[in-house]
>>> print(open('structure30.txt').read())   # compact mmCIF, C-alpha atoms
# COMPACT_ATOMS: atom_id res chain seq x y z
CA MET A 27 0.00 0.00 0.00
CA ARG A 28 1.28 3.44 -0.87
CA LEU A 29 1.93 5.77 2.06
CA ARG A 30 -0.78 8.40 2.71
CA LEU A 31 0.71 11.03 4.98
CA PRO A 32 -0.12 14.76 4.90
CA ALA A 33 2.66 17.12 3.87
CA ALA A 34 2.93 18.67 7.35
CA ALA A 35 3.62 15.29 8.96
CA LEU A 36 6.98 14.86 7.20
CA LEU A 37 7.82 18.47 6.28
CA ALA A 38 10.15 19.24 9.17
CA ALA A 39 11.73 15.78 9.37
CA ILE A 40 12.95 15.88 5.79
CA PHE A 41 13.66 19.59 6.21
CA LEU A 42 16.10 18.62 8.98
CA ALA A 43 17.86 16.11 6.74
CA ASN A 44 18.14 18.60 3.93
CA HIS A 45 19.12 21.51 6.09
CA ALA A 46 21.99 19.32 7.18
CA SER A 47 22.55 18.78 3.45
CA ALA A 48 22.68 22.53 3.00
CA GLN A 49 25.30 22.74 5.73
CA GLY A 50 27.26 20.18 3.75
CA GLY A 51 26.55 21.45 0.26
CA ALA A 52 23.04 20.78 -1.05
CA PRO A 53 21.23 24.04 -1.77
CA VAL A 54 17.56 23.19 -1.64
CA GLN A 55 15.58 22.08 1.39
CA GLU A 56 12.99 19.46 0.46
CA ALA A 57 9.50 18.91 1.80
CA ALA A 58 7.26 15.89 1.81
CA PRO A 59 4.79 15.96 -1.10
CA ALA A 60 1.24 17.08 -0.49
CA GLN A 61 -1.28 14.23 -0.71
CA THR A 62 -4.43 16.35 -0.55
CA SER A 63 -5.46 19.74 -1.91
CA THR A 64 -4.97 21.65 1.33
CA THR A 65 -2.84 24.50 2.60
CA THR A 66 -0.32 23.91 5.38
CA TRP A 67 2.26 26.22 6.92
CA GLU A 68 5.18 26.14 9.31
CA VAL A 69 7.44 28.61 11.12
CA LEU A 70 10.77 27.33 12.49
CA THR A 71 13.73 28.66 14.39
CA GLY A 72 16.73 27.06 16.05
CA VAL A 73 20.50 26.97 15.88
CA ASP A 74 23.06 25.38 13.53
CA TYR A 75 26.73 24.71 14.23
CA SER A 76 29.52 23.51 11.95
CA VAL A 77 33.32 23.48 12.02
CA GLY A 78 35.94 22.57 9.40
CA ASP A 79 39.18 23.81 7.89
CA TYR A 80 38.15 23.55 4.20
CA GLY A 81 41.80 23.30 3.20
CA ALA A 82 42.92 26.32 5.25
CA ALA A 83 45.55 26.33 8.00
CA SER A 84 42.94 26.75 10.77
CA ASP A 85 39.27 25.95 11.39
CA THR A 86 36.29 28.11 10.54
CA THR A 87 33.39 27.77 12.99
CA ILE A 88 29.91 28.93 11.94
CA ILE A 89 26.92 29.35 14.24
CA SER A 90 23.64 30.31 12.60
CA VAL A 91 20.27 31.21 14.12
CA PRO A 92 17.73 31.03 11.27
CA LEU A 93 14.08 32.03 11.13
CA SER A 94 12.26 30.06 8.43
CA ALA A 95 8.71 30.16 7.08
CA LYS A 96 7.14 27.59 4.76
CA ALA A 97 3.76 27.27 3.08
CA GLN A 98 2.39 24.35 1.04
CA ILE A 99 -0.54 25.50 -1.13
CA ASP A 100 -1.84 22.43 -2.92
CA ARG A 101 1.06 21.59 -5.30
CA LEU A 102 3.03 24.80 -4.67
CA ARG A 103 5.56 25.13 -1.84
CA LEU A 104 7.10 28.48 -0.84
CA GLU A 105 9.85 29.05 1.73
CA LEU A 106 11.97 31.88 3.12
CA THR A 107 14.90 31.80 5.57
CA VAL A 108 16.48 34.79 7.32
CA PRO A 109 19.60 33.85 9.35
CA TYR A 110 21.76 35.58 11.94
CA VAL A 111 25.29 34.20 11.60
CA ASP A 112 28.43 34.19 13.73
CA ILE A 113 31.71 33.23 12.02
CA ASN A 114 35.05 32.65 13.70
CA GLY A 115 38.01 31.76 11.45
CA PRO A 116 39.63 32.62 8.13
CA GLY A 117 36.76 31.29 5.99
CA THR A 118 33.80 33.15 4.50
CA SER A 119 30.36 31.62 4.01
CA ALA A 120 29.03 31.59 0.46
CA GLY A 121 25.73 30.09 1.64
CA GLY A 122 24.43 26.52 1.36
CA GLY A 123 27.40 25.06 3.20
CA ILE A 124 29.91 26.56 0.73
CA ILE A 125 32.91 27.96 2.59
CA VAL A 126 35.64 30.00 0.86
CA PRO A 127 38.75 29.03 2.90
CA GLY A 128 40.67 32.32 2.57
CA ASN A 129 44.30 32.97 3.50
CA LYS A 130 43.76 35.74 5.99
CA ALA A 131 44.17 35.58 9.77
CA VAL A 132 41.45 34.24 12.05
CA THR A 133 38.74 36.85 12.60
CA HIS A 134 35.42 36.93 14.43
CA ARG A 135 32.37 38.64 12.94
CA SER A 136 28.59 38.34 13.22
CA GLY A 137 25.41 39.83 11.80
CA LEU A 138 22.60 39.24 9.31
CA GLY A 139 23.40 36.44 6.87
CA ASP A 140 22.22 35.87 3.31
CA ILE A 141 18.45 35.51 2.94
CA THR A 142 17.30 32.54 0.86
CA ALA A 143 13.96 32.18 -0.92
CA GLY A 144 12.70 29.04 -2.63
CA ALA A 145 9.73 27.59 -4.46
CA ALA A 146 8.77 24.09 -5.56
CA TRP A 147 6.03 22.56 -7.69
CA LEU A 148 4.77 19.01 -7.19
CA ILE A 149 4.57 17.51 -10.69
CA ASN A 150 3.19 14.15 -9.63
CA ARG A 151 1.53 13.26 -6.33
CA GLY A 152 2.46 9.60 -6.69
CA GLY A 153 0.24 6.57 -6.83
CA GLN A 154 0.40 2.81 -6.96
CA SER A 155 2.85 2.78 -9.88
CA ALA A 156 5.00 5.94 -9.54
CA PRO A 157 6.82 8.01 -6.91
CA SER A 158 6.14 11.71 -6.27
CA PHE A 159 8.24 14.21 -8.25
CA GLU A 160 8.85 17.88 -7.47
CA ILE A 161 10.84 20.60 -9.24
CA ALA A 162 12.42 23.22 -6.97
CA GLY A 163 14.47 26.39 -7.20
CA LEU A 164 16.33 28.57 -4.71
CA VAL A 165 17.90 32.00 -4.82
CA LYS A 166 20.37 33.36 -2.27
CA VAL A 167 20.02 37.12 -1.82
CA PRO A 168 23.32 38.83 -0.80
CA THR A 169 22.11 40.53 2.38
CA ALA A 170 25.11 39.46 4.49
CA GLY A 171 27.65 42.10 5.47
CA SER A 172 31.37 42.11 4.75
CA GLY A 173 33.08 38.90 5.90
CA LEU A 174 29.75 37.10 6.31
CA GLY A 175 29.01 36.33 2.66
CA THR A 176 30.18 36.71 -0.92
CA GLN A 177 27.83 39.65 -1.62
CA LYS A 178 26.70 37.89 -4.82
CA PHE A 179 23.47 36.20 -5.85
CA ASP A 180 23.50 32.39 -6.08
CA TYR A 181 20.91 30.19 -7.78
CA ALA A 182 19.97 26.52 -7.70
CA ALA A 183 17.48 24.25 -9.46
CA GLN A 184 16.77 20.59 -8.81
CA MET A 185 14.36 17.68 -9.02
CA ASN A 186 13.14 16.05 -5.79
CA VAL A 187 11.65 12.57 -5.61
CA TYR A 188 9.78 10.79 -2.78
CA GLU A 189 9.02 7.07 -2.78
CA PRO A 190 7.03 5.53 0.11
CA LEU A 191 8.06 1.95 0.78
CA SER A 192 5.45 1.25 3.45
CA SER A 193 3.40 3.07 6.09
CA GLN A 194 6.66 3.67 8.03
CA PHE A 195 9.47 4.05 5.46
CA LEU A 196 9.98 6.78 2.88
CA LEU A 197 12.90 7.15 0.44
CA PHE A 198 13.74 10.68 -0.70
CA GLY A 199 16.36 12.09 -3.02
CA SER A 200 17.30 15.03 -5.18
CA ALA A 201 19.58 15.98 -8.06
CA GLY A 202 20.23 19.44 -9.40
CA TYR A 203 22.67 22.19 -10.30
CA GLN A 204 23.94 25.26 -8.44
CA TRP A 205 25.26 28.51 -9.92
CA LEU A 206 27.66 30.38 -7.60
CA GLY A 207 28.75 34.00 -7.82
CA ASP A 208 32.50 34.58 -7.57
CA PHE A 209 34.00 35.92 -4.33
CA GLY A 210 36.35 38.83 -5.05
CA THR A 211 39.24 37.37 -7.05
CA VAL A 212 38.26 33.79 -6.08
CA LYS A 213 36.40 31.95 -8.83
CA LEU A 214 33.73 29.60 -7.48
CA GLU A 215 32.72 26.72 -9.75
CA ASP A 216 29.12 25.93 -10.63
CA GLY A 217 28.27 22.27 -10.19
CA VAL A 218 26.01 19.31 -9.53
CA VAL A 219 24.34 18.80 -6.16
CA ALA A 220 22.57 15.66 -4.98
CA SER A 221 21.23 13.99 -1.86
CA ALA A 222 19.44 10.79 -0.86
CA GLY A 223 17.99 9.49 2.37
CA LEU A 224 15.54 7.33 4.27
CA ASN A 225 12.81 8.53 6.64
CA TYR A 226 11.34 6.16 9.25
CA LYS A 227 8.22 6.74 11.38
CA PRO A 228 8.16 4.24 14.27
CA MET A 229 5.04 6.01 15.57
CA GLU A 230 2.78 8.86 14.46
CA SER A 231 4.60 11.54 16.46
CA ILE A 232 8.21 10.42 15.77
CA SER A 233 10.28 10.61 12.57
CA THR A 234 13.92 9.69 12.20
CA GLY A 235 16.31 8.99 9.36
CA PHE A 236 19.46 10.06 7.60
CA GLY A 237 20.65 11.83 4.46
CA VAL A 238 23.75 11.40 2.26
CA ASN A 239 24.81 14.67 0.62
CA TYR A 240 27.01 15.52 -2.37
CA HIS A 241 28.24 18.75 -3.95
CA GLN A 242 30.58 18.87 -6.93
CA GLU A 243 33.89 20.68 -6.35
CA TYR A 244 33.18 24.41 -5.95
CA LEU A 245 36.79 25.60 -5.53
CA HIS A 246 39.60 24.28 -7.70
CA GLY A 247 41.82 21.86 -5.79
CA LEU A 248 39.50 21.51 -2.77
CA GLY A 249 37.62 18.41 -3.97
CA ASP A 250 33.98 17.37 -3.79
CA VAL A 251 31.72 17.66 -0.75
CA PHE A 252 30.37 14.47 0.86
CA SER A 253 28.58 14.33 4.22
CA LEU A 254 26.18 12.23 6.29
CA SER A 255 23.34 13.71 8.34
CA PRO A 256 21.20 11.67 10.77
CA TYR A 257 18.12 13.39 12.25
CA LEU A 258 15.25 12.92 14.71
CA GLN A 259 11.94 14.77 15.07
CA TRP A 260 9.12 14.69 17.62
CA ASN A 261 5.66 16.24 17.08
CA PHE A 262 3.82 17.25 20.25
CA GLY A 263 0.93 19.36 21.47
CA GLY A 264 -0.93 19.14 18.19
CA MET A 265 0.91 22.03 16.53
CA PHE A 266 4.53 21.94 17.75
CA ARG A 267 7.57 19.91 16.72
CA VAL A 268 11.16 19.75 17.84
CA GLY A 269 14.00 18.18 15.90
CA ALA A 270 17.73 17.68 15.90
CA TYR A 271 20.29 16.66 13.30
CA GLY A 272 23.96 15.79 13.15
CA LEU A 273 26.52 16.27 10.40
CA VAL A 274 29.67 14.32 9.64
CA GLY A 275 31.89 15.43 6.77
CA LEU A 276 33.72 12.81 4.71
CA THR A 277 35.99 15.04 2.60
CA ASN A 278 38.28 18.02 2.99
CA ALA A 279 35.68 20.33 1.42
CA SER A 280 33.01 19.31 3.95
CA PRO A 281 32.51 20.53 7.52
CA ARG A 282 34.36 18.14 9.81
CA PHE A 283 31.27 17.87 12.01
CA GLY A 284 28.20 19.86 12.95
CA GLY A 285 24.62 19.71 14.10
CA GLY A 286 21.53 21.70 14.86
CA LEU A 287 18.20 22.01 16.64
CA ARG A 288 14.79 23.15 15.37
CA LEU A 289 11.57 24.20 17.06
CA GLY A 290 8.57 24.55 14.78
CA LEU A 291 4.96 25.74 14.91
CA TYR A 292 2.73 24.33 12.18
CA GLY A 293 -0.85 24.29 11.04
>>> encode(input="structure30.txt", output="structure tokens")
Amino acid sequence: MRLRLPAAALLAAIFLANHASAQGGAPVQEAAPAQTSTTTWEVLTGVDYSVGDYGAASDTTIISVPLSAKAQIDRLRLELTVPYVDINGPGTSAGGGIIVPGNKAVTHRSGLGDITAGAAWLINRGGQSAPSFEIAGLVKVPTAGSGLGTQKFDYAAQMNVYEPLSSQFLLFGSAGYQWLGDFGTVKLEDGVVASAGLNYKPMESISTGFGVNYHQEYLHGLGDVFSLSPYLQWNFGGMFRVGAYGLVGLTNASPRFGGGLRLGLYG
């Protein structure tokens, strides 16, 4: 039997997996596909932490406190994230987990980060013979101050797919392409992004799973990004959810480790 879960039931769980993907390179946060013609919404906040050297002589540590809003209107999904970021190290964030290592001394700076806005359209709701497919796009608006971002627009487009295996298991994945604006004299390479994962619901209020994330080399000589991101989410009180994720980088271009927490209000 094909899984019949409302979009709001899995939205934040897969959001956690794909936010961890964003910390490790994937640009678009995915949502579970809508199964009925209804409107759902969610507001989330929390904290993200990551640390890595990205090929530099010392680590760059990034702490982010994002405020995110999402709305699923039948087949259309809209989302907006406004982050406050704190960066300590020689690196500069280019958004979506992309860190420009830099050769300068370790510095500490904080302030408004780059705002991201995204939209997705559910092409196929799925059925007995096909998974659900969604096309999605994201734009990074250069609102971050000096030392907190590249001050350039970035763009991404991808296809998301969701395949229920049973009433408890859901496979999800994505493949797409990201266009990065250069950072000063540093040329950032456009490239392929992809992710895949498994979501498990042992009970109605609990979701857990993991994601595997990939980003093609964005800086010559640094290598590709690979990371793993387990997550756990608990829905409570009828309209609240709390979640946590971890992040383990597998390459020099990835954060060495990281994690985050989310608290959401949905309806």
>>> closest_residue(input="structure30.txt", among="A:Ser233, A:Thr65, A:Gln184, A:Ser90", to="Val218 in chain A", atoms="all atoms listed in the file")
A:Gln184
>>> atom_distance(input="structure30.txt", atom1="CA of Tyr240 in chain A", atom2="CA of Ala145 in chain A")
21.2 Å
>>> atom_distance(input="structure30.txt", atom1="CA of Gly286 in chain A", atom2="CA of His246 in chain A")
29.0 Å
>>> atom_distance(input="structure30.txt", atom1="CA of Gly78 in chain A", atom2="CA of Leu254 in chain A")
14.6 Å
>>> residues_around(input="structure30.txt", residues="Ala97 in chain A", least_positions_apart="5", cutoff="10 Å", atoms="only C-alpha atoms", output="VMD selection string")
chain A and resid 34 65 to 69 102 to 106 145 292 to 293
>>> residues_around(input="structure30.txt", residues="range 206-216 of chain A", least_positions_apart="2", cutoff="8 Å", atoms="all atoms listed in the file", output="ChimeraX atom specification")
/A:176-181,203-204,218,243-246
>>> closest_residue(input="structure30.txt", among="A:Ile124, A:Met229, A:Leu70, A:Ile161", to="Ala201 in chain A", atoms="all atoms listed in the file")
A:Ile161
>>> closest_residue(input="structure30.txt", among="A:Gly72, A:Gly121, A:Pro281, A:Gly163", to="Trp147 in chain A", atoms="only C-alpha atoms")
A:Gly163
>>> closest_residue(input="structure30.txt", among="A:Gly144, A:Gly285, A:Gly122, A:Pro168", to="Leu258 in chain A", atoms="only C-alpha atoms")
A:Gly285
>>> closest_residue(input="structure30.txt", among="A:Gly81, A:Pro127, A:Gly237, A:Gly247", to="Tyr271 in chain A", atoms="only C-alpha atoms")
A:Gly237
>>> residues_around(input="structure30.txt", residues="Thr87 in chain A", least_positions_apart="5", cutoff="6 Å", atoms="only C-alpha atoms", output="ChimeraX atom specification")
/A:76-77,113-114
>>> write_last_selection(input="structure30.txt", atoms="C-alpha atoms", output="short mmCIF file (atom, residue, chain, number, x, y, z; two decimals), in the coordinates of the input")
data_model
loop_
_atom_site.label_atom_id
_atom_site.label_comp_id
_atom_site.auth_asym_id
_atom_site.auth_seq_id
_atom_site.Cartn_x
_atom_site.Cartn_y
_atom_site.Cartn_z
CA SER A 76 29.52 23.51 11.95
CA VAL A 77 33.32 23.48 12.02
CA ILE A 113 31.71 33.23 12.02
CA ASN A 114 35.05 32.65 13.70
#
>>> residues_around(input="structure30.txt", residues="range 192-196 of chain A", least_positions_apart="2", cutoff="6 Å", atoms="all atoms listed in the file", output="list in words")
Leu29, Glu189, Pro190, Leu224, Asn225, Tyr226 and Lys227 of chain A
>>> closest_residue(input="structure30.txt", among="A:Val251, A:Ile125, A:Val111, A:Met265", to="Ala170 in chain A", atoms="only C-alpha atoms")
A:Val111
>>> residues_around(input="structure30.txt", residues="Gly117 in chain A", least_positions_apart="2", cutoff="7 Å", atoms="all atoms listed in the file", output="list in words")
Thr86, Gly115, Ser119, Ile125, Val126, Pro127 and Gly128 of chain A
>>> axis_aligned_box(input="structure30.txt", around="range 237-245 of chain A", padding_each_side="6 Å", output="AutoDock Vina command-line options")
--center_x 28.7 --center_y 18.5 --center_z -1.2 --size_x 28.1 --size_y 26.2 --size_z 23.4
>>> build_atoms(input="structure30.txt", residues="range 64-97 of chain A", atoms="N, CA and C atoms", output="PDB file, in the coordinates of the input")
ATOM      1  N   THR A  64      -4.806  20.807   0.162  1.00  0.00           N
ATOM      2  CA  THR A  64      -4.970  21.650   1.330  1.00  0.00           C
ATOM      3  C   THR A  64      -3.779  22.590   1.442  1.00  0.00           C
ATOM      4  N   THR A  65      -3.921  23.559   2.327  1.00  0.00           N
ATOM      5  CA  THR A  65      -2.840  24.500   2.600  1.00  0.00           C
ATOM      6  C   THR A  65      -2.285  24.235   3.993  1.00  0.00           C
ATOM      7  N   THR A  66      -0.978  24.064   4.092  1.00  0.00           N
ATOM      8  CA  THR A  66      -0.320  23.910   5.380  1.00  0.00           C
ATOM      9  C   THR A  66       0.794  24.936   5.481  1.00  0.00           C
ATOM     10  N   TRP A  67       1.222  25.225   6.711  1.00  0.00           N
ATOM     11  CA  TRP A  67       2.260  26.220   6.920  1.00  0.00           C
ATOM     12  C   TRP A  67       3.115  25.809   8.113  1.00  0.00           C
ATOM     13  N   GLU A  68       4.297  26.411   8.189  1.00  0.00           N
ATOM     14  CA  GLU A  68       5.180  26.140   9.310  1.00  0.00           C
ATOM     15  C   GLU A  68       6.163  27.284   9.494  1.00  0.00           C
ATOM     16  N   VAL A  69       6.418  27.622  10.752  1.00  0.00           N
ATOM     17  CA  VAL A  69       7.440  28.610  11.120  1.00  0.00           C
ATOM     18  C   VAL A  69       8.430  27.912  12.030  1.00  0.00           C
ATOM     19  N   LEU A  70       9.732  28.028  11.719  1.00  0.00           N
ATOM     20  CA  LEU A  70      10.770  27.330  12.490  1.00  0.00           C
ATOM     21  C   LEU A  70      11.880  28.290  12.884  1.00  0.00           C
ATOM     22  N   THR A  71      12.498  27.986  14.007  1.00  0.00           N
ATOM     23  CA  THR A  71      13.730  28.660  14.390  1.00  0.00           C
ATOM     24  C   THR A  71      14.588  27.634  15.125  1.00  0.00           C
ATOM     25  N   GLY A  72      15.824  27.990  15.394  1.00  0.00           N
ATOM     26  CA  GLY A  72      16.730  27.060  16.050  1.00  0.00           C
ATOM     27  C   GLY A  72      18.150  27.557  15.972  1.00  0.00           C
ATOM     28  N   VAL A  73      19.082  26.615  15.949  1.00  0.00           N
ATOM     29  CA  VAL A  73      20.500  26.970  15.880  1.00  0.00           C
ATOM     30  C   VAL A  73      21.228  25.879  15.093  1.00  0.00           C
ATOM     31  N   ASP A  74      22.216  26.291  14.287  1.00  0.00           N
ATOM     32  CA  ASP A  74      23.060  25.380  13.530  1.00  0.00           C
ATOM     33  C   ASP A  74      24.516  25.652  13.872  1.00  0.00           C
ATOM     34  N   TYR A  75      25.305  24.584  13.888  1.00  0.00           N
ATOM     35  CA  TYR A  75      26.730  24.710  14.230  1.00  0.00           C
ATOM     36  C   TYR A  75      27.527  23.825  13.283  1.00  0.00           C
ATOM     37  N   SER A  76      28.636  24.334  12.755  1.00  0.00           N
ATOM     38  CA  SER A  76      29.520  23.510  11.950  1.00  0.00           C
ATOM     39  C   SER A  76      30.943  24.027  12.088  1.00  0.00           C
ATOM     40  N   VAL A  77      31.912  23.112  11.927  1.00  0.00           N
ATOM     41  CA  VAL A  77      33.320  23.480  12.020  1.00  0.00           C
ATOM     42  C   VAL A  77      34.106  22.633  11.018  1.00  0.00           C
ATOM     43  N   GLY A  78      35.082  23.259  10.353  1.00  0.00           N
ATOM     44  CA  GLY A  78      35.940  22.570   9.400  1.00  0.00           C
ATOM     45  C   GLY A  78      37.039  23.501   8.950  1.00  0.00           C
ATOM     46  N   ASP A  79      38.087  22.937   8.352  1.00  0.00           N
ATOM     47  CA  ASP A  79      39.180  23.810   7.890  1.00  0.00           C
ATOM     48  C   ASP A  79      39.094  24.122   6.405  1.00  0.00           C
ATOM     49  N   TYR A  80      38.374  23.302   5.622  1.00  0.00           N
ATOM     50  CA  TYR A  80      38.150  23.550   4.200  1.00  0.00           C
ATOM     51  C   TYR A  80      39.457  23.836   3.455  1.00  0.00           C
ATOM     52  N   GLY A  81      40.516  23.137   3.853  1.00  0.00           N
ATOM     53  CA  GLY A  81      41.800  23.300   3.200  1.00  0.00           C
ATOM     54  C   GLY A  81      42.653  24.429   3.715  1.00  0.00           C
ATOM     55  N   ALA A  82      42.153  25.197   4.684  1.00  0.00           N
ATOM     56  CA  ALA A  82      42.920  26.320   5.250  1.00  0.00           C
ATOM     57  C   ALA A  82      43.780  25.822   6.408  1.00  0.00           C
ATOM     58  N   ALA A  83      44.634  26.710   6.926  1.00  0.00           N
ATOM     59  CA  ALA A  83      45.550  26.330   8.000  1.00  0.00           C
ATOM     60  C   ALA A  83      44.839  26.201   9.342  1.00  0.00           C
ATOM     61  N   SER A  84      43.676  26.816   9.506  1.00  0.00           N
ATOM     62  CA  SER A  84      42.940  26.750  10.770  1.00  0.00           C
ATOM     63  C   SER A  84      41.449  26.603  10.495  1.00  0.00           C
ATOM     64  N   ASP A  85      40.700  26.213  11.536  1.00  0.00           N
ATOM     65  CA  ASP A  85      39.270  25.950  11.390  1.00  0.00           C
ATOM     66  C   ASP A  85      38.468  27.232  11.232  1.00  0.00           C
ATOM     67  N   THR A  86      37.327  27.087  10.558  1.00  0.00           N
ATOM     68  CA  THR A  86      36.290  28.110  10.540  1.00  0.00           C
ATOM     69  C   THR A  86      35.046  27.530  11.210  1.00  0.00           C
ATOM     70  N   THR A  87      34.581  28.196  12.259  1.00  0.00           N
ATOM     71  CA  THR A  87      33.390  27.770  12.990  1.00  0.00           C
ATOM     72  C   THR A  87      32.237  28.708  12.652  1.00  0.00           C
ATOM     73  N   ILE A  88      31.087  28.124  12.298  1.00  0.00           N
ATOM     74  CA  ILE A  88      29.910  28.930  11.940  1.00  0.00           C
ATOM     75  C   ILE A  88      28.738  28.530  12.823  1.00  0.00           C
ATOM     76  N   ILE A  89      28.154  29.523  13.474  1.00  0.00           N
ATOM     77  CA  ILE A  89      26.920  29.350  14.240  1.00  0.00           C
ATOM     78  C   ILE A  89      25.850  30.208  13.568  1.00  0.00           C
ATOM     79  N   SER A  90      24.716  29.604  13.280  1.00  0.00           N
ATOM     80  CA  SER A  90      23.640  30.310  12.600  1.00  0.00           C
ATOM     81  C   SER A  90      22.339  30.147  13.383  1.00  0.00           C
ATOM     82  N   VAL A  91      21.596  31.237  13.503  1.00  0.00           N
ATOM     83  CA  VAL A  91      20.270  31.210  14.120  1.00  0.00           C
ATOM     84  C   VAL A  91      19.263  31.640  13.056  1.00  0.00           C
ATOM     85  N   PRO A  92      18.643  30.688  12.370  1.00  0.00           N
ATOM     86  CA  PRO A  92      17.730  31.030  11.270  1.00  0.00           C
ATOM     87  C   PRO A  92      16.277  31.165  11.730  1.00  0.00           C
ATOM     88  N   LEU A  93      15.531  31.970  11.013  1.00  0.00           N
ATOM     89  CA  LEU A  93      14.080  32.030  11.130  1.00  0.00           C
ATOM     90  C   LEU A  93      13.528  31.673   9.759  1.00  0.00           C
ATOM     91  N   SER A  94      12.761  30.573   9.706  1.00  0.00           N
ATOM     92  CA  SER A  94      12.260  30.060   8.430  1.00  0.00           C
ATOM     93  C   SER A  94      10.745  30.006   8.442  1.00  0.00           C
ATOM     94  N   ALA A  95      10.157  30.277   7.276  1.00  0.00           N
ATOM     95  CA  ALA A  95       8.710  30.160   7.080  1.00  0.00           C
ATOM     96  C   ALA A  95       8.456  29.361   5.817  1.00  0.00           C
ATOM     97  N   LYS A  96       7.478  28.446   5.891  1.00  0.00           N
ATOM     98  CA  LYS A  96       7.140  27.590   4.760  1.00  0.00           C
ATOM     99  C   LYS A  96       5.627  27.554   4.596  1.00  0.00           C
ATOM    100  N   ALA A  97       5.184  27.441   3.364  1.00  0.00           N
ATOM    101  CA  ALA A  97       3.760  27.270   3.080  1.00  0.00           C
ATOM    102  C   ALA A  97       3.606  26.286   1.931  1.00  0.00           C
TER     103      ALA A  97
END
